Each structure stands twice: as structure tokens, then as C-alpha cells.
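Chemist: Take a look at query09.txt, compact mmCIF, C-alpha atoms:
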```
# COMPACT_ATOMS: atom_id res chain seq x y z
CA MET A 1 -12.97 -14.44 -13.50
CA GLU A 2 -15.12 -16.20 -10.92
CA ASN A 3 -13.27 -14.43 -8.09
CA PHE A 4 -14.07 -10.95 -9.41
CA THR A 5 -15.79 -8.75 -6.77
CA PRO A 6 -16.58 -5.50 -8.62
CA PHE A 7 -19.01 -4.00 -6.10
CA LEU A 8 -17.13 -4.78 -2.90
CA SER A 9 -13.83 -3.72 -4.45
CA LEU A 10 -15.24 -0.47 -5.80
CA ALA A 11 -16.86 0.24 -2.43
CA GLY A 12 -13.57 -0.54 -0.66
CA GLY A 13 -11.73 1.77 -3.06
CA LEU A 14 -14.15 4.62 -2.35
CA VAL A 15 -13.57 4.08 1.39
CA LEU A 16 -9.78 4.28 0.83
CA GLY A 17 -10.32 7.54 -1.05
CA LEU A 18 -12.36 8.86 1.88
CA SER A 19 -9.56 7.93 4.30
CA ALA A 20 -6.95 9.70 2.16
CA THR A 21 -9.24 12.74 1.93
CA ILE A 22 -9.56 12.96 5.71
CA LEU A 23 -5.80 12.71 6.24
CA LEU A 24 -5.08 15.35 3.59
CA ALA A 25 -7.66 17.61 5.24
CA GLY A 26 -5.21 17.40 8.16
CA GLY A 27 -2.30 18.20 5.84
CA ARG A 28 -0.77 14.75 5.39
CA VAL A 29 -0.58 12.24 2.54
CA ALA A 30 -1.82 8.68 3.22
CA GLY A 31 1.24 6.90 1.89
CA ILE A 32 1.62 3.83 4.08
CA SER A 33 5.25 3.07 3.23
CA GLY A 34 6.19 6.68 4.00
CA ILE A 35 4.26 6.62 7.28
CA ILE A 36 6.14 3.46 8.33
CA ALA A 37 9.51 4.76 7.07
CA GLY A 38 9.15 7.87 9.24
CA LEU A 39 9.31 5.62 12.32
CA ILE A 40 12.50 3.86 11.25
CA PRO A 41 15.85 5.52 12.03
CA PRO A 42 16.91 8.03 10.89
CA SER A 43 13.28 8.83 11.70
CA ALA A 44 11.01 11.80 11.04
CA PRO A 45 10.43 14.33 13.84
CA GLU A 46 6.70 13.68 14.43
CA LYS A 47 6.03 10.05 15.32
CA GLY A 48 2.77 10.10 17.30
CA TRP A 49 0.39 10.50 14.37
CA ARG A 50 2.25 7.81 12.44
CA VAL A 51 1.82 5.26 15.24
CA LEU A 52 -1.84 6.22 15.59
CA PHE A 53 -2.47 5.84 11.86
CA LEU A 54 -0.87 2.40 11.81
CA LEU A 55 -2.81 1.29 14.91
CA GLY A 56 -5.96 2.48 13.13
CA LEU A 57 -4.96 0.47 10.07
CA VAL A 58 -4.92 -2.69 12.20
CA GLY A 59 -8.03 -1.60 14.12
CA GLY A 60 -10.05 -1.11 10.93
CA ALA A 61 -9.27 -4.67 9.87
CA VAL A 62 -10.24 -5.92 13.36
CA LEU A 63 -13.51 -4.02 13.12
CA PHE A 64 -14.49 -5.38 9.68
CA PRO A 65 -15.53 -8.93 10.73
CA ILE A 66 -17.05 -7.61 13.98
CA VAL A 67 -19.59 -5.60 12.00
CA GLY A 68 -20.38 -8.60 9.81
CA GLY A 69 -17.72 -8.40 7.09
CA ASP A 70 -16.58 -11.66 5.52
CA ILE A 71 -12.84 -12.39 5.76
CA SER A 72 -13.04 -16.02 4.72
CA TYR A 73 -11.84 -15.00 1.25
CA ILE A 74 -8.34 -14.28 2.55
CA ASP A 75 -5.72 -16.65 1.15
CA ILE A 76 -2.18 -15.64 2.00
CA ASN A 77 -0.46 -18.29 -0.11
CA PRO A 78 -1.51 -17.54 -3.70
CA TYR A 79 1.06 -19.79 -5.37
CA GLY A 80 0.34 -22.78 -3.13
CA PHE A 81 3.96 -22.89 -1.97
CA THR A 82 5.13 -25.34 0.66
CA ASP A 83 5.54 -23.75 4.10
CA GLU A 84 9.28 -23.45 3.69
CA MET A 85 9.03 -21.89 0.22
CA HIS A 86 6.28 -19.56 1.38
CA TYR A 87 8.30 -18.19 4.28
CA GLY A 88 11.26 -17.75 1.94
CA ALA A 89 9.08 -15.87 -0.56
CA LEU A 90 7.68 -13.64 2.21
CA ILE A 91 11.16 -12.77 3.50
CA ILE A 92 12.50 -11.97 0.01
CA GLY A 93 9.27 -10.18 -0.94
CA GLY A 94 9.24 -8.18 2.30
CA LEU A 95 12.86 -7.09 1.93
CA LEU A 96 12.26 -5.99 -1.68
CA VAL A 97 9.05 -4.14 -0.77
CA GLY A 98 10.89 -2.33 2.04
CA ILE A 99 13.93 -1.44 -0.08
CA GLY A 100 11.89 -0.56 -3.18
CA THR A 101 9.33 1.67 -1.46
CA SER A 102 12.13 3.43 0.41
CA ILE A 103 14.22 4.14 -2.71
CA GLY A 104 11.15 4.84 -4.85
CA SER A 105 9.47 7.01 -2.18
CA GLY A 106 6.12 5.26 -2.09
CA CYS A 107 3.83 2.30 -2.64
CA THR A 108 0.33 1.52 -3.92
CA SER A 109 -1.30 4.02 -1.53
CA GLY A 110 1.13 6.96 -1.74
CA HIS A 111 1.89 6.80 -5.46
CA GLY A 112 -1.29 5.01 -6.49
CA ILE A 113 -4.22 6.50 -4.61
CA CYS A 114 -2.78 9.80 -3.34
CA GLY A 115 -0.21 10.65 -6.02
CA LEU A 116 -2.58 9.96 -8.90
CA GLY A 117 -5.19 12.03 -7.04
CA ARG A 118 -2.75 14.94 -7.19
CA LEU A 119 -2.20 14.25 -10.91
CA SER A 120 1.53 13.78 -10.25
CA THR A 121 3.53 12.48 -13.22
CA ARG A 122 6.10 11.08 -10.76
CA ALA A 123 3.38 8.99 -9.11
CA LEU A 124 2.05 7.85 -12.49
CA THR A 125 5.56 6.80 -13.56
CA ALA A 126 6.11 4.91 -10.30
CA THR A 127 2.68 3.23 -10.48
CA MET A 128 3.26 2.06 -14.04
CA SER A 129 6.75 0.83 -13.11
CA PHE A 130 5.66 -1.30 -10.15
CA MET A 131 2.58 -2.61 -11.98
CA VAL A 132 4.56 -3.73 -15.04
CA VAL A 133 7.30 -5.37 -12.95
CA ALA A 134 4.73 -7.09 -10.70
CA VAL A 135 2.81 -8.46 -13.71
CA VAL A 136 6.02 -9.82 -15.24
CA THR A 137 7.06 -11.28 -11.86
CA VAL A 138 3.78 -13.15 -11.48
CA PHE A 139 3.98 -14.38 -15.08
CA VAL A 140 7.50 -15.72 -14.51
CA ILE A 141 6.58 -17.42 -11.22
CA ARG A 142 3.46 -18.96 -12.79
CA THR A 143 5.11 -20.19 -15.99
CA VAL A 144 8.69 -20.96 -15.01
CA MET A 145 7.92 -22.42 -11.61
CA GLY A 146 4.49 -23.71 -12.58
CA ALA A 147 3.07 -22.35 -9.32
CA MET B 1 -6.63 17.36 16.79
CA PHE B 2 -4.43 15.85 14.08
CA ASN B 3 -3.98 12.74 16.22
CA ILE B 4 -7.73 12.13 16.06
CA ILE B 5 -7.72 12.73 12.28
CA SER B 6 -4.86 10.28 11.96
CA VAL B 7 -6.37 7.39 13.93
CA LEU B 8 -9.71 7.95 12.18
CA SER B 9 -8.12 7.97 8.75
CA GLY B 10 -6.07 4.85 9.57
CA THR B 11 -9.12 2.98 10.83
CA ILE B 12 -11.16 3.84 7.75
CA PHE B 13 -8.24 2.82 5.54
CA GLY B 14 -7.90 -0.58 7.26
CA PHE B 15 -11.65 -1.16 7.02
CA GLY B 16 -11.61 -0.17 3.33
CA LEU B 17 -8.78 -2.61 2.61
CA ALA B 18 -10.68 -5.47 4.26
CA LEU B 19 -13.87 -4.53 2.37
CA SER B 20 -12.06 -4.23 -0.95
CA GLY B 21 -10.63 -7.76 -0.83
CA MET B 22 -7.06 -6.46 -0.89
CA LEU B 23 -6.12 -8.17 2.40
CA SER B 24 -5.94 -11.38 0.41
CA PRO B 25 -2.64 -11.82 -1.47
CA SER B 26 -4.49 -14.24 -3.76
CA LYS B 27 -6.75 -11.45 -5.00
CA VAL B 28 -3.72 -9.22 -5.60
CA ILE B 29 -1.88 -11.96 -7.50
CA GLY B 30 -5.14 -12.74 -9.35
CA PHE B 31 -5.09 -9.17 -10.67
CA LEU B 32 -1.42 -9.29 -11.65
CA ASP B 33 -1.90 -12.68 -13.35
CA ILE B 34 -3.25 -11.21 -16.60
CA THR B 35 -2.59 -14.32 -18.67
CA GLY B 36 -4.19 -16.64 -16.10
CA ASN B 37 -7.53 -16.62 -14.28
CA TRP B 38 -7.64 -12.80 -14.23
CA ASP B 39 -9.42 -11.01 -11.38
CA PRO B 40 -9.88 -7.29 -12.24
CA SER B 41 -10.92 -6.36 -8.65
CA LEU B 42 -7.75 -4.39 -7.84
CA ALA B 43 -8.41 -2.01 -10.73
CA PHE B 44 -11.81 -1.25 -9.18
CA VAL B 45 -10.15 -0.56 -5.80
CA MET B 46 -7.65 1.86 -7.30
CA GLY B 47 -10.24 3.37 -9.60
CA GLY B 48 -12.61 3.97 -6.69
CA GLY B 49 -9.85 5.45 -4.56
CA VAL B 50 -8.54 7.77 -7.26
CA ALA B 51 -12.07 8.81 -8.30
CA VAL B 52 -12.50 10.22 -4.78
CA THR B 53 -9.02 11.72 -4.31
CA VAL B 54 -8.84 13.39 -7.71
CA VAL B 55 -11.90 15.46 -6.79
CA SER B 56 -11.36 15.92 -3.04
CA PHE B 57 -7.62 16.70 -3.28
CA HIS B 58 -8.34 19.36 -5.88
CA PHE B 59 -10.58 21.26 -3.46
CA ILE B 60 -8.48 20.61 -0.34
CA LEU B 61 -5.24 21.74 -2.00
CA LYS B 62 -6.84 24.95 -3.27
CA ARG B 63 -6.92 26.18 0.34
CA PRO B 64 -3.86 27.94 1.78
CA HIS B 65 -3.96 25.67 4.85
CA PRO B 66 -5.41 22.25 5.62
CA LEU B 67 -8.81 22.24 7.35
CA PHE B 68 -7.33 20.51 10.40
CA GLY B 69 -3.70 21.55 10.51
CA GLU B 70 -1.22 24.35 10.04
CA LYS B 71 0.41 23.37 6.78
CA PHE B 72 0.44 20.76 4.06
CA HIS B 73 3.21 18.16 4.18
CA LEU B 74 3.44 17.15 0.54
CA PRO B 75 6.16 15.34 -1.39
CA THR B 76 8.44 17.99 -2.89
CA ALA B 77 10.27 15.99 -5.56
CA SER B 78 8.93 16.45 -9.06
CA ASN B 79 11.67 14.98 -11.24
CA ILE B 80 11.47 11.50 -12.70
CA ASP B 81 14.83 9.89 -12.01
CA ARG B 82 16.46 6.47 -11.82
CA ARG B 83 15.79 6.22 -8.09
CA LEU B 84 12.05 6.49 -8.63
CA VAL B 85 11.84 3.95 -11.44
CA ILE B 86 14.30 1.43 -9.97
CA GLY B 87 12.75 1.72 -6.50
CA ALA B 88 9.23 1.24 -7.87
CA GLY B 89 10.50 -1.70 -9.92
CA LEU B 90 12.01 -3.40 -6.87
CA PHE B 91 8.77 -2.81 -5.00
CA GLY B 92 6.84 -4.40 -7.90
CA LEU B 93 9.14 -7.42 -7.80
CA GLY B 94 8.58 -7.92 -4.05
CA TRP B 95 4.84 -7.31 -4.44
CA GLY B 96 4.60 -9.97 -7.14
CA ILE B 97 6.54 -12.47 -5.02
CA GLY B 98 4.72 -11.99 -1.71
CA GLY B 99 1.36 -10.60 -2.85
CA LEU B 100 1.54 -8.02 -0.05
CA CYS B 101 2.19 -4.28 -0.16
CA PRO B 102 2.74 -2.12 2.94
CA GLY B 103 -0.91 -1.18 3.73
CA PRO B 104 -2.43 -4.67 3.56
CA ALA B 105 0.65 -6.12 5.32
CA ILE B 106 0.21 -3.90 8.40
CA SER B 107 -3.58 -4.19 8.31
CA SER B 108 -3.50 -8.00 8.10
CA LEU B 109 -1.57 -8.14 11.37
CA ALA B 110 -5.11 -7.89 12.75
CA TYR B 111 -5.66 -11.55 11.91
CA ALA B 112 -2.49 -12.72 13.69
CA SER B 113 -0.94 -14.73 10.89
CA PRO B 114 2.72 -15.58 11.53
CA GLN B 115 3.41 -15.38 7.77
CA VAL B 116 2.26 -11.77 7.61
CA ALA B 117 4.33 -10.93 10.71
CA VAL B 118 7.44 -12.38 9.02
CA PHE B 119 6.72 -10.27 5.92
CA VAL B 120 6.36 -7.10 8.03
CA VAL B 121 9.65 -7.74 9.85
CA ALA B 122 11.42 -8.29 6.50
CA MET B 123 9.82 -5.13 5.09
CA VAL B 124 10.99 -3.04 8.06
CA ALA B 125 14.47 -4.54 7.67
CA GLY B 126 14.34 -3.59 3.97
CA ILE B 127 13.50 0.04 4.79
CA LEU B 128 16.34 0.12 7.32
CA ILE B 129 18.78 -1.33 4.77
CA ALA B 130 17.70 1.14 2.07
CA LYS B 131 18.02 4.09 4.46
CA LYS B 132 21.58 3.03 5.38
CA ALA B 133 22.77 1.93 1.95
CA PHE B 134 20.99 4.43 -0.31
CA PRO B 135 20.32 7.56 1.74
CA ALA B 136 18.46 10.19 -0.27
CA SER B 137 20.51 13.35 -0.55
CA ALA B 138 17.48 15.48 -1.26
CA ARG B 139 14.81 14.25 1.09
```
As C-alpha cells - that is how I would like this structure written.

Modeler:
Amino acid sequence: MENFTPFLSLAGGLVLGLSATILLAGGRVAGISGIIAGLIPPSAPEKGWRVLFLLGLVGGAVLFPIVGGDISYIDINPYGFTDEMHYGALIIGGLLVGIGTSIGSGCTSGHGICGLGRLSTRALTATMSFMVVAVVTVFVIRTVMGA
Amino acid sequence: MFNIISVLSGTIFGFGLALSGMLSPSKVIGFLDITGNWDPSLAFVMGGGVAVTVVSFHFILKRPHPLFGEKFHLPTASNIDRRLVIGAGLFGLGWGIGGLCPGPAISSLAYASPQVAVFVVAMVAGILIAKKAFPASAR
């Protein structure tokens, strides 16, 4: 557990809650997959706010190291795959994340942070489903592939 | 007005993700790897987020209108069906393989990694495929 960052992660979580609160005060749910999906044809009628939210999402990450945040912890290849394997995993993973969030109407932010905040049983069911499958997936990759 | 709310909310969200450690797929996989070198951080991120929303949403949704908008745009579905569970399951599978979910994937574009860009392109393609192949009748 030497990588555990309880304080930073809790603080980050509170900030995510604040962000979702601000967006809901404007009438919208901060579900990132839904915000992206609304830009993809057949698209939702209002696109401007979606583009602005996503630009903000990138901007916030740009801002973090500028104000002194440490991003050296970022490791995008958790299984230590070769380059070729890693790109393959990212393509398969990306396709599944896109298909799954579209069919299942949400991801970690929409179902997890916002849906649970609304005490939605649908969101709780979805969150438990993706958590269980993700845990099993990691276990299989770690044990079967030894990664 | 809502455009300002939106860019502000997005910026805070991206900053929160970077602060929380969730821009690193290794931290995400470290959480999901419960039989390995477990890193509980992600539970603290979700716990912190939900601790805020469960209180703030309660008060915001008690109002007839949003503070900064005309009406609430909330998900209308309430039934638990196969679509929800299978979709969430497929998302979990992709999340476990790549270590990225939609928020961190978009946010990480900030650091110009070609790997993240490839993931985002694949994710957009996935949404496009799902919209064509499995259009929701009641959405």
C-alpha cells in the first residue's frame, strides 16, 4: 500500500463533488461520457456547453502543475506492456469504454459521483457492475498474463 | 451564463482529477488489483465526491429550477435492465484493460501523450459504434 494517497485523493474527490455541484446548480449532470456522447452523431441539440466543459477538463489538468501540483506520479502503462501490446490494449479498452458507457448510459462520474449523489438505484447497480467486472479483469490480466 | 458555469465546472473537475491521482492509470489499476499491492486511493476519491454531492444535490434538487438555468436536465430512466448492466460491464472490462475512464482520458490530453490520444479516438469510435448498432429506443 505504499502508493496510497489518502489525503490528496480525498481532497481531489471533494473538488470533483464541488464541480458536479456547480454544474447541477446550472441544471446539468456532470457525467463525462454523456457530455462527450452528446457531441457524437446523432448528437444532442445543445453542443456549446459540452465543448466548453471538455475544454475546461483539459484546462484544469494544464493548470494543476502550473500552480505547483505534482504530476510525476502519472504512469500510463500499469501492466508494463510492450509498446505494441500497450497500444493494442488502449484501442480495445477505448472501444469497450465507448461502447459500454453508451449502452450503459454513464461512467464513473455520471453513475458514480452524480448518480450516487442522487441516491439512484440505477447508478448504484451500474457502479457495482463496472467495479466488479473491472476487478475481475485486472485479476485475470495479472494472473493469467502475469503482467 | 450556463456557458460560464460549464467551463468553470469542467476546469474544477480536471483540476480535481489531477489532484486526486486519478490521471494515472497505474493508480486506478492499483485500486482494482485487490489481491495485489492494493491502493485504496480511488475509494477516497469517490467517497469524497459522493460525500459532497449527496448533500448538495439534495438541496439543489429541492428547488423548482436550477440556480443558474431554466430547468433540470436529469436522466429519466429508472428501471434496471439488461442494457444498464451489460453496458456497465463492458465499460468495466475496458476500464480494467486500459486503466482509463472518460474523464481522466479527456483530461490527460493536457499532457500530450500519444497513448492517451489513441485511447480517446478509440473511445469516440466506440460511442459512434454503439449509437449506430444499439440505438436506445427510449432516450

Chemist: Neighbouring residues of A:Val15 were defined as those with any atom within 7 Å, considering all atoms listed in the file; residues of the same chain fewer than 5 positions away were excluded. Please report them as a PyMOL selection string.

Modeler: chain B and resi 12-13+16

Chemist: Name the residues in contact with stretch 61-75 of chain B at a cut-off of 10 Å, using only C-alpha atoms, excluding same-chain residues fewer than 5 positions from it; report them as a PyMOL selection string.

Modeler: (chain A and resi 22-29+105+110+115+118) or (chain B and resi 1-2+5+56+139)

Chemist: Report, in Å to a single decimal, how far apart atom CA of A:Thr127 and atom CA of A:Gly112 are.

Modeler: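 Interatomic distance, atom CA of A:Gly112 to atom CA of A:Thr127: 5.9 Å.
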
Chemist: Using only C-alpha atoms, which residues sit within 12 Å of B:Gly30 once same-chain residues fewer than 4 positions away are excluded, as a VMD selection string?

Modeler: (chain A and resid 1 to 5 75 77 to 79 134 to 135 138 to 139 142) or (chain B and resid 21 to 22 24 to 26 34 to 43 96 99)

Chemist: With only C-alpha atoms as the basis for distance, which of B:Val124, B:Pro114, B:Lys27, B:Ser9 is at the shortest distance from A:Asp83?

Modeler: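 Under the stated criterion, the closest residue is B:Pro114.
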
Chemist: Choose the residue, out of A:Gly17, A:Pro6, A:Gly59, A:Gly104, that has the smallest atom-to-atom separation from B:Ala18; count all atoms listed in the file.

Modeler: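 Among the listed residues, A:Gly59 lies closest to B:Ala18.
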
Chemist: As an exercise, work out the distance from atom CA of A:Leu8 to atom CA of B:Phe44 in Å and give it to one decimal place.

Modeler: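 It comes out at 9.0 Å.
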
Chemist: Excluding same-chain residues fewer than 6 positions from B:Ser107, what lies within 12 Å of it counting all atoms listed in the file, as JSON, numbers by chain?

Modeler: {"A": [32, 53, 54, 55, 56, 57, 58, 59, 60, 61, 62, 63, 64], "B": [10, 11, 12, 13, 14, 15, 16, 17, 18, 19, 22, 23, 24, 100, 101, 113, 116, 117, 120]}

Chemist: Write the selection just made, keeping C-alpha atoms, as a PDB file, in the frame of the given file?

Modeler:
```
ATOM      1  CA  ILE A  32       1.620   3.830   4.080  1.00  0.00           C
ATOM      2  CA  PHE A  53      -2.470   5.840  11.860  1.00  0.00           C
ATOM      3  CA  LEU A  54      -0.870   2.400  11.810  1.00  0.00           C
ATOM      4  CA  LEU A  55      -2.810   1.290  14.910  1.00  0.00           C
ATOM      5  CA  GLY A  56      -5.960   2.480  13.130  1.00  0.00           C
ATOM      6  CA  LEU A  57      -4.960   0.470  10.070  1.00  0.00           C
ATOM      7  CA  VAL A  58      -4.920  -2.690  12.200  1.00  0.00           C
ATOM      8  CA  GLY A  59      -8.030  -1.600  14.120  1.00  0.00           C
ATOM      9  CA  GLY A  60     -10.050  -1.110  10.930  1.00  0.00           C
ATOM     10  CA  ALA A  61      -9.270  -4.670   9.870  1.00  0.00           C
ATOM     11  CA  VAL A  62     -10.240  -5.920  13.360  1.00  0.00           C
ATOM     12  CA  LEU A  63     -13.510  -4.020  13.120  1.00  0.00           C
ATOM     13  CA  PHE A  64     -14.490  -5.380   9.680  1.00  0.00           C
TER      14      PHE A  64
ATOM     15  CA  GLY B  10      -6.070   4.850   9.570  1.00  0.00           C
ATOM     16  CA  THR B  11      -9.120   2.980  10.830  1.00  0.00           C
ATOM     17  CA  ILE B  12     -11.160   3.840   7.750  1.00  0.00           C
ATOM     18  CA  PHE B  13      -8.240   2.820   5.540  1.00  0.00           C
ATOM     19  CA  GLY B  14      -7.900  -0.580   7.260  1.00  0.00           C
ATOM     20  CA  PHE B  15     -11.650  -1.160   7.020  1.00  0.00           C
ATOM     21  CA  GLY B  16     -11.610  -0.170   3.330  1.00  0.00           C
ATOM     22  CA  LEU B  17      -8.780  -2.610   2.610  1.00  0.00           C
ATOM     23  CA  ALA B  18     -10.680  -5.470   4.260  1.00  0.00           C
ATOM     24  CA  LEU B  19     -13.870  -4.530   2.370  1.00  0.00           C
ATOM     25  CA  MET B  22      -7.060  -6.460  -0.890  1.00  0.00           C
ATOM     26  CA  LEU B  23      -6.120  -8.170   2.400  1.00  0.00           C
ATOM     27  CA  SER B  24      -5.940 -11.380   0.410  1.00  0.00           C
ATOM     28  CA  LEU B 100       1.540  -8.020  -0.050  1.00  0.00           C
ATOM     29  CA  CYS B 101       2.190  -4.280  -0.160  1.00  0.00           C
ATOM     30  CA  SER B 113      -0.940 -14.730  10.890  1.00  0.00           C
ATOM     31  CA  VAL B 116       2.260 -11.770   7.610  1.00  0.00           C
ATOM     32  CA  ALA B 117       4.330 -10.930  10.710  1.00  0.00           C
ATOM     33  CA  VAL B 120       6.360  -7.100   8.030  1.00  0.00           C
TER      34      VAL B 120
END
```

Chemist: Is it possible to get the residues within 9 Å of (11.9, -3.5, -2.8) (coordinates as in the file, counting all atoms listed in the file) written as a ChimeraX atom specification?

Modeler: /A:92-104 /B:87-95,123,126-127,130

Chemist: In Å, rounded to a single decimal, give me how far atom CA of B:Val50 is from atom CA of A:Leu14.

Modeler: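 Interatomic distance here is 8.1 Å.
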
Chemist: Because the input lacks atoms here, generate N, CA and C atoms for stretch 63-74 of chain A and report them as an mmCIF file, keeping the file's coordinate frame.

Modeler:
```
data_model
loop_
_atom_site.group_PDB
_atom_site.id
_atom_site.type_symbol
_atom_site.label_atom_id
_atom_site.label_comp_id
_atom_site.auth_asym_id
_atom_site.auth_seq_id
_atom_site.Cartn_x
_atom_site.Cartn_y
_atom_site.Cartn_z
ATOM 1 N N LEU A 63 -12.109 -4.433 13.084
ATOM 2 C CA LEU A 63 -13.510 -4.020 13.120
ATOM 3 C C LEU A 63 -14.351 -4.701 12.036
ATOM 4 N N PHE A 64 -13.742 -4.908 10.860
ATOM 5 C CA PHE A 64 -14.490 -5.380 9.680
ATOM 6 C C PHE A 64 -15.316 -6.651 9.953
ATOM 7 N N PRO A 65 -14.702 -7.738 10.460
ATOM 8 C CA PRO A 65 -15.530 -8.930 10.730
ATOM 9 C C PRO A 65 -16.499 -8.731 11.901
ATOM 10 N N ILE A 66 -16.163 -7.845 12.826
ATOM 11 C CA ILE A 66 -17.050 -7.610 13.980
ATOM 12 C C ILE A 66 -18.388 -7.037 13.517
ATOM 13 N N VAL A 67 -18.343 -6.172 12.497
ATOM 14 C CA VAL A 67 -19.590 -5.600 12.000
ATOM 15 C C VAL A 67 -20.209 -6.446 10.873
ATOM 16 N N GLY A 68 -19.718 -7.673 10.738
ATOM 17 C CA GLY A 68 -20.380 -8.600 9.810
ATOM 18 C C GLY A 68 -19.660 -8.821 8.499
ATOM 19 N N GLY A 69 -18.477 -8.209 8.332
ATOM 20 C CA GLY A 69 -17.720 -8.400 7.090
ATOM 21 C C GLY A 69 -17.180 -9.819 6.992
ATOM 22 N N ASP A 70 -17.056 -10.294 5.755
ATOM 23 C CA ASP A 70 -16.580 -11.660 5.520
ATOM 24 C C ASP A 70 -15.081 -11.636 5.216
ATOM 25 N N ILE A 71 -14.286 -12.331 6.038
ATOM 26 C CA ILE A 71 -12.840 -12.390 5.760
ATOM 27 C C ILE A 71 -12.410 -13.795 5.352
ATOM 28 N N SER A 72 -13.393 -14.642 5.081
ATOM 29 C CA SER A 72 -13.040 -16.020 4.720
ATOM 30 C C SER A 72 -12.359 -16.104 3.356
ATOM 31 N N TYR A 73 -12.455 -15.005 2.581
ATOM 32 C CA TYR A 73 -11.840 -15.000 1.250
ATOM 33 C C TYR A 73 -10.316 -14.912 1.320
ATOM 34 N N ILE A 74 -9.785 -14.543 2.476
ATOM 35 C CA ILE A 74 -8.340 -14.280 2.550
ATOM 36 C C ILE A 74 -7.536 -15.561 2.387
#
```
